[in-house]
Amino acid sequence: MNPIVVKFGGSSLATAGQFEKVAAIIRENPGRRYVVASAPGKRFSGDTKVTDLLYRCYDAACAGQDFAPVLDEIRQRFADIISELQLQVDLAPDFAAIEAHLRTSPQRDYMASRGEYLNSKLLAAYLGFAFVDAAQMVLFRADGSFDAEATNTAIGHALVSIDRAVIPGFYGAMPDGTIHTFSRGGSDVTGSIVARAVGAELYENWTDVSGILMADPRIVDNPEPIKKITYAELRELAFMGATVLHEESVQPVREKGIPLNIRNTNRPQDPGTMIVGNIDRENSDDRFITGIAGRKNFTIITLQKHDMHTSHTLRQALEVFERYHAPIEHIALGLDSFALVTSSAGLGESIYQLMGDLQKACHPDDINQQDDIALVAAVGRKMPFRPGTSGKLFKALGDAGVNIRTIAQGTDELSIIVGIDNKDYETAIRVLYDGFAG
Ligand code: ASP
């Protein structure tokens, strides 16, 4: 049987009690052979993640301040776990090395990586697994870009003869051995590239929520978790603002067709969310809407011109947008008009100049700008197979007094996106959830 790669996030490994839960989960299924660990996260709300303490230590050292109190705090976090679990691990030499490093030539990524490094050592000792340092197999080029192919080969070689291992997440090394990290939350990425390299049958990402929720819980009361979602749907949801996994963590497993299961360390009985490559869209008995997400603060710019040669005028307008590096989220086409949706924050004050340039480039009969627009996406792989879908959605929104400013269908008919006023954002999400997500 191919191995299961499991990644545990910071809150799953923040205390000795959490280590016990993690060990029980790993022992429950012998297939869980490769474990990727984060640094200890928050133990309670208001607590500080070890990674943040490490950054603080680095900043203090660079500013010539006394870093010893912060370093002691970090030392204590690990000492608590060691003593409560009665581990036979001595981290004194590691802390001596960190201290020496801080006194000589502090390096930001090296410091940040020590949380994962030390926590993985503890977890390996607790589980009786081998500790394999990510620095020897997660490889970055000299310019800091991630070298996917070299990493894939290196992980394959390093793990081929090791049956069970704990691997620190978040970092790797450049050709000269200098430690380099992914961006924050990067242990998700390490888990995914290890899963790809060992040809895992499943990548489990254990965190503190029972999967991806169907809607934002700050807007909808107790939204249900999504049971199953395709990688394509996840991308649409993530693009529209739903954040669950590190952005770069999806591609390696997606490419290999490895399913990714998001699970809750504190509720291992919950199935979580299963992310898969393909589902028989037409015949599956899944829900009509998989999830709802959205973002506020967009601007719609509408151009009208009698007898417009759409492709020509649109090209001229797009060139203007490109000059201003203004991202285009959606384009709606009419017979003699088109509307472009862009992020207001991205443009700031230059919107006025951009409007002037559009006038000059396109000579429209009318040009109009609507601000304070929110985009809301209803994502669902089954939508194209249900006739009348969009009509029902629009009617429900209209009945709730939500004025629809623009409509777009996402790629591959996976989503319907509506542009509405910012003030209607919450109402629209609730209407869609209550009416269509159940
Ligand atoms: N410990 C790192 C962070 O806090 C990486 C991770 O947890 O994935 O961002």
# chains A, B, ... in the order shown; residues from 1 in each chain; ligands from 1
call {"tool": "residues_near_ligand", "arguments": {"ligand": "ligand 1", "cutoff": "9 Å", "atoms": "only C-alpha atoms and all ligand atoms", "output": "short mmCIF file (atom, residue, chain, number, x, y, z; two decimals) with C-alpha atoms, in the first residue's frame"}}
result
data_model
loop_
_atom_site.label_atom_id
_atom_site.label_comp_id
_atom_site.auth_asym_id
_atom_site.auth_seq_id
_atom_site.Cartn_x
_atom_site.Cartn_y
_atom_site.Cartn_z
CA PHE A 8 0.06 18.59 11.37
CA GLY A 9 -0.33 22.34 11.76
CA GLY A 10 0.95 24.51 14.60
CA SER A 11 -2.13 24.32 16.81
CA ALA A 37 5.30 18.95 11.33
CA SER A 38 4.79 22.67 11.95
CA ALA A 39 6.29 24.68 14.77
CA PRO A 40 4.24 24.93 17.98
CA GLY A 41 1.36 27.31 17.32
CA LYS A 49 3.24 31.17 17.76
CA VAL A 50 6.82 29.96 18.18
CA THR A 51 7.56 31.11 14.62
CA ASP A 52 6.57 34.66 15.59
CA ALA A 112 12.22 31.07 11.43
CA SER A 113 12.91 27.46 10.48
CA GLY A 115 10.48 26.02 15.22
CA GLU A 116 9.74 23.26 12.71
CA GLY A 169 7.71 21.67 7.25
CA PHE A 170 8.17 25.23 6.01
CA TYR A 171 11.84 25.26 4.97
CA THR A 181 11.64 29.14 3.88
CA PHE A 182 8.40 29.15 1.96
CA SER A 183 6.03 31.99 2.82
CA ARG A 184 4.04 31.81 6.08
CA GLY A 185 1.97 28.67 6.47
CA GLY A 186 4.44 26.88 4.22
CA SER A 187 4.36 23.52 6.01
CA ASP A 188 1.26 22.80 3.88
CA VAL A 189 3.54 23.03 0.87
CA THR A 190 6.15 20.69 2.35
CA HIS A 246 -1.36 27.66 1.49
#
call {"tool": "residues_around", "arguments": {"residues": "range 218-223 of chain A", "least_positions_apart": "2", "cutoff": "12 Å", "atoms": "only C-alpha atoms", "output": "mmCIF file with N, CA, C and O atoms, in the first residue's frame"}}
result
data_model
loop_
_atom_site.group_PDB
_atom_site.id
_atom_site.type_symbol
_atom_site.label_atom_id
_atom_site.label_comp_id
_atom_site.auth_asym_id
_atom_site.auth_seq_id
_atom_site.Cartn_x
_atom_site.Cartn_y
_atom_site.Cartn_z
ATOM 1 N N SER A 210 -12.855 21.304 11.089
ATOM 2 C CA SER A 210 -13.281 20.043 10.473
ATOM 3 C C SER A 210 -13.522 20.199 8.983
ATOM 4 O O SER A 210 -14.541 19.771 8.450
ATOM 5 N N GLY A 211 -12.607 20.869 8.312
ATOM 6 C CA GLY A 211 -12.686 20.993 6.867
ATOM 7 C C GLY A 211 -12.997 22.406 6.434
ATOM 8 O O GLY A 211 -13.079 23.327 7.245
ATOM 9 N N ILE A 212 -13.172 22.556 5.122
ATOM 10 C CA ILE A 212 -13.482 23.865 4.554
ATOM 11 C C ILE A 212 -14.974 24.106 4.747
ATOM 12 O O ILE A 212 -15.791 23.243 4.436
ATOM 13 N N LEU A 213 -15.336 25.254 5.270
ATOM 14 C CA LEU A 213 -16.753 25.535 5.493
ATOM 15 C C LEU A 213 -17.402 26.029 4.206
ATOM 16 O O LEU A 213 -16.758 26.643 3.358
ATOM 17 N N MET A 214 -18.717 25.762 4.104
ATOM 18 C CA MET A 214 -19.430 26.148 2.875
ATOM 19 C C MET A 214 -19.554 27.656 2.728
ATOM 20 O O MET A 214 -19.788 28.160 1.629
ATOM 21 N N ALA A 215 -19.455 28.376 3.828
ATOM 22 C CA ALA A 215 -19.535 29.844 3.754
ATOM 23 C C ALA A 215 -18.793 30.417 4.951
ATOM 24 O O ALA A 215 -18.458 29.687 5.893
ATOM 25 N N ASP A 216 -18.552 31.696 4.918
ATOM 26 C CA ASP A 216 -17.806 32.368 5.977
ATOM 27 C C ASP A 216 -18.594 32.329 7.300
ATOM 28 O O ASP A 216 -19.712 32.857 7.366
ATOM 29 N N PRO A 225 -19.416 22.004 6.959
ATOM 30 C CA PRO A 225 -18.181 21.793 6.188
ATOM 31 C C PRO A 225 -18.499 21.157 4.836
ATOM 32 O O PRO A 225 -19.490 20.445 4.705
ATOM 33 N N ILE A 226 -17.650 21.425 3.884
ATOM 34 C CA ILE A 226 -17.793 20.805 2.561
ATOM 35 C C ILE A 226 -17.251 19.379 2.672
ATOM 36 O O ILE A 226 -16.140 19.179 3.136
ATOM 37 N N THR A 290 -21.463 23.887 -3.834
ATOM 38 C CA THR A 290 -20.413 23.325 -2.980
ATOM 39 C C THR A 290 -19.984 24.345 -1.927
ATOM 40 O O THR A 290 -19.750 23.991 -0.770
ATOM 41 N N GLY A 291 -19.870 25.579 -2.334
ATOM 42 C CA GLY A 291 -19.443 26.604 -1.381
ATOM 43 C C GLY A 291 -19.723 27.995 -1.916
ATOM 44 O O GLY A 291 -19.966 28.181 -3.118
ATOM 45 N N ILE A 292 -19.693 28.938 -0.991
ATOM 46 C CA ILE A 292 -19.962 30.334 -1.357
ATOM 47 C C ILE A 292 -18.830 31.189 -0.813
ATOM 48 O O ILE A 292 -18.430 31.021 0.342
ATOM 49 N N ALA A 293 -18.306 32.067 -1.654
ATOM 50 C CA ALA A 293 -17.246 32.950 -1.162
ATOM 51 C C ALA A 293 -17.379 34.290 -1.858
ATOM 52 O O ALA A 293 -18.111 34.422 -2.852
ATOM 53 N N GLY A 294 -16.693 35.272 -1.366
ATOM 54 C CA GLY A 294 -16.785 36.565 -2.017
ATOM 55 C C GLY A 294 -15.794 37.558 -1.462
ATOM 56 O O GLY A 294 -15.102 37.285 -0.474
ATOM 57 N N ASP A 424 -24.835 44.998 0.455
ATOM 58 C CA ASP A 424 -25.678 43.800 0.357
ATOM 59 C C ASP A 424 -24.876 42.504 0.487
ATOM 60 O O ASP A 424 -25.426 41.406 0.347
ATOM 61 N N TYR A 425 -23.582 42.643 0.718
ATOM 62 C CA TYR A 425 -22.680 41.471 0.679
ATOM 63 C C TYR A 425 -23.139 40.358 1.626
ATOM 64 O O TYR A 425 -23.343 39.209 1.227
ATOM 65 N N GLU A 426 -23.330 40.719 2.892
ATOM 66 C CA GLU A 426 -23.684 39.708 3.888
ATOM 67 C C GLU A 426 -25.040 39.076 3.565
ATOM 68 O O GLU A 426 -25.197 37.852 3.653
ATOM 69 N N THR A 427 -26.008 39.931 3.177
ATOM 70 C CA THR A 427 -27.345 39.407 2.848
ATOM 71 C C THR A 427 -27.250 38.396 1.711
ATOM 72 O O THR A 427 -27.843 37.315 1.768
ATOM 73 N N ALA A 428 -26.484 38.745 0.680
ATOM 74 C CA ALA A 428 -26.396 37.860 -0.488
ATOM 75 C C ALA A 428 -25.817 36.503 -0.083
ATOM 76 O O ALA A 428 -26.319 35.455 -0.498
ATOM 77 N N ILE A 429 -24.789 36.518 0.752
ATOM 78 C CA ILE A 429 -24.174 35.241 1.147
ATOM 79 C C ILE A 429 -25.175 34.410 1.950
ATOM 80 O O ILE A 429 -25.324 33.208 1.725
ATOM 81 N N ARG A 430 -25.906 35.062 2.830
ATOM 82 C CA ARG A 430 -26.898 34.322 3.633
ATOM 83 C C ARG A 430 -28.017 33.763 2.745
ATOM 84 O O ARG A 430 -28.410 32.609 2.904
ATOM 85 N N VAL A 431 -28.489 34.566 1.803
ATOM 86 C CA VAL A 431 -29.568 34.113 0.920
ATOM 87 C C VAL A 431 -29.123 32.878 0.120
ATOM 88 O O VAL A 431 -29.824 31.881 0.017
ATOM 89 N N LEU A 432 -27.912 32.944 -0.401
ATOM 90 C CA LEU A 432 -27.421 31.820 -1.206
ATOM 91 C C LEU A 432 -27.231 30.579 -0.341
ATOM 92 O O LEU A 432 -27.565 29.465 -0.735
ATOM 93 N N TYR A 433 -26.703 30.784 0.863
ATOM 94 C CA TYR A 433 -26.478 29.631 1.745
ATOM 95 C C TYR A 433 -27.813 29.007 2.149
ATOM 96 O O TYR A 433 -28.025 27.804 2.017
ATOM 97 N N ASP A 434 -28.733 29.857 2.612
ATOM 98 C CA ASP A 434 -30.008 29.322 3.109
ATOM 99 C C ASP A 434 -30.830 28.681 1.985
ATOM 100 O O ASP A 434 -31.465 27.668 2.182
ATOM 101 N N ALA A 437 -27.610 25.944 -0.442
ATOM 102 C CA ALA A 437 -26.490 25.116 0.004
ATOM 103 C C ALA A 437 -26.958 23.866 0.738
ATOM 104 O O ALA A 437 -26.186 22.957 0.974
ATOM 105 N N GLY A 438 -28.215 23.835 1.130
ATOM 106 C CA GLY A 438 -28.678 22.713 1.970
ATOM 107 C C GLY A 438 -28.936 21.436 1.196
ATOM 108 O O GLY A 438 -28.759 21.360 0.017
#
call {"tool": "residues_around", "arguments": {"residues": "Arg141 in chain A", "least_positions_apart": "3", "cutoff": "9 Å", "atoms": "only C-alpha atoms", "output": "PyMOL selection string"}}
result
chain A and resi 144-147+173-175
call {"tool": "write_last_selection", "arguments": {"atoms": "N, CA and C atoms", "output": "short mmCIF file (atom, residue, chain, number, x, y, z; two decimals), in the first residue's frame"}}
result
data_model
loop_
_atom_site.label_atom_id
_atom_site.label_comp_id
_atom_site.auth_asym_id
_atom_site.auth_seq_id
_atom_site.Cartn_x
_atom_site.Cartn_y
_atom_site.Cartn_z
N GLY A 144 16.50 31.71 -4.76
CA GLY A 144 15.42 31.55 -3.79
C GLY A 144 14.18 30.89 -4.36
N SER A 145 14.16 30.61 -5.67
CA SER A 145 12.97 29.94 -6.22
C SER A 145 13.02 28.45 -5.89
N PHE A 146 11.85 27.87 -5.75
CA PHE A 146 11.75 26.47 -5.35
C PHE A 146 12.07 25.56 -6.54
N ASP A 147 12.93 24.57 -6.32
CA ASP A 147 13.32 23.64 -7.39
C ASP A 147 12.52 22.34 -7.23
N ALA A 173 16.72 24.17 1.77
CA ALA A 173 18.02 24.84 1.71
C ALA A 173 18.37 25.22 0.27
N MET A 174 19.23 26.22 0.15
CA MET A 174 19.74 26.65 -1.16
C MET A 174 21.02 25.85 -1.44
N PRO A 175 21.56 25.93 -2.66
CA PRO A 175 22.72 25.09 -3.00
C PRO A 175 23.89 25.24 -2.02
#
call {"tool": "atom_distance", "arguments": {"atom1": "CA of Ile275 in chain A", "atom2": "CA of Leu260 in chain A"}}
result
5.0 Å
call {"tool": "residues_around", "arguments": {"residues": "range 93-95 of chain A", "least_positions_apart": "2", "cutoff": "12 Å", "atoms": "only C-alpha atoms", "output": "ChimeraX atom specification"}}
result
/A:68,71-76,78-79,89-91,97-102,111,114-115,117-119,121
call {"tool": "select_by_dssp", "arguments": {"residues": "range 266-381 of chain A", "states": "strand (DSSP E)", "output": "count of residues only"}}
result
45
call {"tool": "closest_residue", "arguments": {"among": "A:Ala92, A:Ala345, A:Ala60, A:Ala125", "to": "Ala23 in chain A", "atoms": "only C-alpha atoms"}}
result
A:Ala125
call {"tool": "atom_distance", "arguments": {"atom1": "CA of Lys228 in chain A", "atom2": "CA of Thr273 in chain A"}}
result
5.6 Å
call {"tool": "select_by_dssp", "arguments": {"residues": "range 205-376 of chain A", "states": "alpha helix (DSSP H)", "output": "JSON, numbers by chain"}}
result
{"A": [231, 232, 233, 234, 235, 236, 237, 238, 239, 250, 251, 252, 253, 254, 255, 256, 310, 311, 312, 313, 314, 315, 316, 317, 318, 319, 320, 321, 322, 323, 344, 345, 346, 347, 351, 352, 353, 354, 355, 356, 357, 358, 359, 360, 361, 362]}
call {"tool": "residues_around", "arguments": {"residues": "range 399-413 of chain A", "least_positions_apart": "6", "cutoff": "9 Å", "atoms": "only C-alpha atoms", "output": "MDAnalysis selection string"}}
result
chainID A and resid 232 236 300 330:332 339 341 373 375 377 379:384 419:421 424:425 427:428 431
call {"tool": "residues_around", "arguments": {"residues": "Glu204 in chain A", "least_positions_apart": "4", "cutoff": "8 Å", "atoms": "only C-alpha atoms", "output": "list in words"}}
result
Ile4, Val5, Val6, Lys7, Leu260, Asn261, Ile262 and Arg263 of chain A
call {"tool": "write_last_selection", "arguments": {"atoms": "C-alpha atoms", "output": "PDB file, in the first residue's frame"}}
result
ATOM      1  CA  ILE A   4      -0.285   8.321   3.577  1.00  0.00           C
ATOM      2  CA  VAL A   5       1.510  11.610   4.179  1.00  0.00           C
ATOM      3  CA  VAL A   6       0.169  13.525   7.169  1.00  0.00           C
ATOM      4  CA  LYS A   7       0.859  17.148   7.963  1.00  0.00           C
ATOM      5  CA  LEU A 260      -6.101  15.833  -0.109  1.00  0.00           C
ATOM      6  CA  ASN A 261      -8.113  15.436   3.073  1.00  0.00           C
ATOM      7  CA  ILE A 262      -8.418  18.335   5.530  1.00  0.00           C
ATOM      8  CA  ARG A 263      -9.003  16.938   9.031  1.00  0.00           C
TER       9      ARG A 263
END
call {"tool": "decode", "arguments": {"residues": "range 339-424 of chain A", "atoms": "C-alpha atoms", "output": "PDB file, in the first residue's frame"}}
result
ATOM      1  CA  ALA A 339     -18.157  46.267 -18.325  1.00  0.00           C
ATOM      2  CA  LEU A 340     -14.843  45.575 -16.652  1.00  0.00           C
ATOM      3  CA  VAL A 341     -14.621  44.723 -12.978  1.00  0.00           C
ATOM      4  CA  THR A 342     -11.424  45.675 -11.192  1.00  0.00           C
ATOM      5  CA  SER A 343     -10.213  45.846  -7.610  1.00  0.00           C
ATOM      6  CA  SER A 344     -10.636  49.344  -6.189  1.00  0.00           C
ATOM      7  CA  ALA A 345      -7.831  48.905  -3.682  1.00  0.00           C
ATOM      8  CA  GLY A 346      -5.408  47.963  -6.459  1.00  0.00           C
ATOM      9  CA  LEU A 347      -6.086  51.238  -8.266  1.00  0.00           C
ATOM     10  CA  GLY A 348      -6.438  53.799  -5.506  1.00  0.00           C
ATOM     11  CA  GLU A 349      -6.351  57.388  -6.736  1.00  0.00           C
ATOM     12  CA  SER A 350      -5.094  56.450 -10.212  1.00  0.00           C
ATOM     13  CA  ILE A 351      -8.652  55.431 -11.125  1.00  0.00           C
ATOM     14  CA  TYR A 352      -9.284  59.038 -12.257  1.00  0.00           C
ATOM     15  CA  GLN A 353      -6.336  59.021 -14.625  1.00  0.00           C
ATOM     16  CA  LEU A 354      -7.323  55.578 -15.867  1.00  0.00           C
ATOM     17  CA  MET A 355     -10.834  56.827 -16.673  1.00  0.00           C
ATOM     18  CA  GLY A 356      -9.333  59.738 -18.598  1.00  0.00           C
ATOM     19  CA  ASP A 357      -7.069  57.402 -20.561  1.00  0.00           C
ATOM     20  CA  LEU A 358     -10.015  55.132 -21.376  1.00  0.00           C
ATOM     21  CA  GLN A 359     -11.875  58.153 -22.788  1.00  0.00           C
ATOM     22  CA  LYS A 360      -8.911  59.014 -24.981  1.00  0.00           C
ATOM     23  CA  ALA A 361      -8.231  55.453 -26.133  1.00  0.00           C
ATOM     24  CA  CYS A 362     -11.783  54.224 -26.738  1.00  0.00           C
ATOM     25  CA  HIS A 363     -13.866  57.367 -27.459  1.00  0.00           C
ATOM     26  CA  PRO A 364     -16.971  55.903 -25.852  1.00  0.00           C
ATOM     27  CA  ASP A 365     -20.414  57.591 -26.038  1.00  0.00           C
ATOM     28  CA  ASP A 366     -20.710  56.987 -22.357  1.00  0.00           C
ATOM     29  CA  ILE A 367     -18.366  55.784 -19.653  1.00  0.00           C
ATOM     30  CA  ASN A 368     -19.436  55.115 -16.127  1.00  0.00           C
ATOM     31  CA  GLN A 369     -17.846  54.027 -12.899  1.00  0.00           C
ATOM     32  CA  GLN A 370     -19.570  52.228 -10.028  1.00  0.00           C
ATOM     33  CA  ASP A 371     -17.611  51.842  -6.786  1.00  0.00           C
ATOM     34  CA  ASP A 372     -18.260  49.851  -3.609  1.00  0.00           C
ATOM     35  CA  ILE A 373     -19.093  46.660  -5.435  1.00  0.00           C
ATOM     36  CA  ALA A 374     -18.794  43.198  -3.893  1.00  0.00           C
ATOM     37  CA  LEU A 375     -18.395  39.995  -5.874  1.00  0.00           C
ATOM     38  CA  VAL A 376     -20.039  36.845  -4.565  1.00  0.00           C
ATOM     39  CA  ALA A 377     -19.416  33.438  -6.128  1.00  0.00           C
ATOM     40  CA  ALA A 378     -21.626  30.407  -5.788  1.00  0.00           C
ATOM     41  CA  VAL A 379     -19.367  27.500  -6.688  1.00  0.00           C
ATOM     42  CA  GLY A 380     -20.791  24.113  -7.595  1.00  0.00           C
ATOM     43  CA  ARG A 381     -19.753  21.431 -10.045  1.00  0.00           C
ATOM     44  CA  LYS A 382     -23.378  20.409 -10.607  1.00  0.00           C
ATOM     45  CA  MET A 383     -24.653  23.788 -11.642  1.00  0.00           C
ATOM     46  CA  PRO A 384     -24.437  23.318 -15.407  1.00  0.00           C
ATOM     47  CA  PHE A 385     -26.550  20.168 -15.192  1.00  0.00           C
ATOM     48  CA  ARG A 386     -29.512  21.878 -13.585  1.00  0.00           C
ATOM     49  CA  PRO A 387     -31.397  24.051 -16.014  1.00  0.00           C
ATOM     50  CA  GLY A 388     -32.698  27.305 -14.653  1.00  0.00           C
ATOM     51  CA  THR A 389     -30.051  27.485 -11.960  1.00  0.00           C
ATOM     52  CA  SER A 390     -28.998  31.036 -12.462  1.00  0.00           C
ATOM     53  CA  GLY A 391     -32.584  32.228 -12.759  1.00  0.00           C
ATOM     54  CA  LYS A 392     -33.408  30.771  -9.348  1.00  0.00           C
ATOM     55  CA  LEU A 393     -30.328  32.314  -7.779  1.00  0.00           C
ATOM     56  CA  PHE A 394     -31.081  35.737  -9.183  1.00  0.00           C
ATOM     57  CA  LYS A 395     -34.730  35.533  -8.124  1.00  0.00           C
ATOM     58  CA  ALA A 396     -33.762  34.647  -4.551  1.00  0.00           C
ATOM     59  CA  LEU A 397     -31.354  37.569  -4.417  1.00  0.00           C
ATOM     60  CA  GLY A 398     -33.938  39.923  -5.939  1.00  0.00           C
ATOM     61  CA  ASP A 399     -36.607  38.792  -3.446  1.00  0.00           C
ATOM     62  CA  ALA A 400     -34.186  39.693  -0.655  1.00  0.00           C
ATOM     63  CA  GLY A 401     -33.776  43.195  -2.097  1.00  0.00           C
ATOM     64  CA  VAL A 402     -30.252  42.615  -3.412  1.00  0.00           C
ATOM     65  CA  ASN A 403     -29.614  44.631  -6.542  1.00  0.00           C
ATOM     66  CA  ILE A 404     -27.475  42.697  -9.033  1.00  0.00           C
ATOM     67  CA  ARG A 405     -25.062  44.978 -10.903  1.00  0.00           C
ATOM     68  CA  THR A 406     -23.258  42.419 -12.996  1.00  0.00           C
ATOM     69  CA  ILE A 407     -23.261  38.701 -13.618  1.00  0.00           C
ATOM     70  CA  ALA A 408     -20.512  36.366 -14.731  1.00  0.00           C
ATOM     71  CA  GLN A 409     -20.202  32.658 -15.175  1.00  0.00           C
ATOM     72  CA  GLY A 410     -16.908  31.248 -13.957  1.00  0.00           C
ATOM     73  CA  THR A 411     -14.662  29.014 -16.001  1.00  0.00           C
ATOM     74  CA  ASP A 412     -15.836  25.518 -16.803  1.00  0.00           C
ATOM     75  CA  GLU A 413     -19.309  26.539 -15.576  1.00  0.00           C
ATOM     76  CA  LEU A 414     -18.209  25.844 -12.050  1.00  0.00           C
ATOM     77  CA  SER A 415     -19.462  29.063 -10.584  1.00  0.00           C
ATOM     78  CA  ILE A 416     -21.899  31.904 -10.948  1.00  0.00           C
ATOM     79  CA  ILE A 417     -20.550  35.254  -9.826  1.00  0.00           C
ATOM     80  CA  VAL A 418     -22.683  38.270  -9.078  1.00  0.00           C
ATOM     81  CA  GLY A 419     -21.547  41.839  -8.572  1.00  0.00           C
ATOM     82  CA  ILE A 420     -23.661  43.603  -5.945  1.00  0.00           C
ATOM     83  CA  ASP A 421     -23.364  46.637  -3.686  1.00  0.00           C
ATOM     84  CA  ASN A 422     -20.926  46.236  -0.797  1.00  0.00           C
ATOM     85  CA  LYS A 423     -23.776  46.879   1.635  1.00  0.00           C
ATOM     86  CA  ASP A 424     -25.678  43.800   0.357  1.00  0.00           C
TER      87      ASP A 424
END
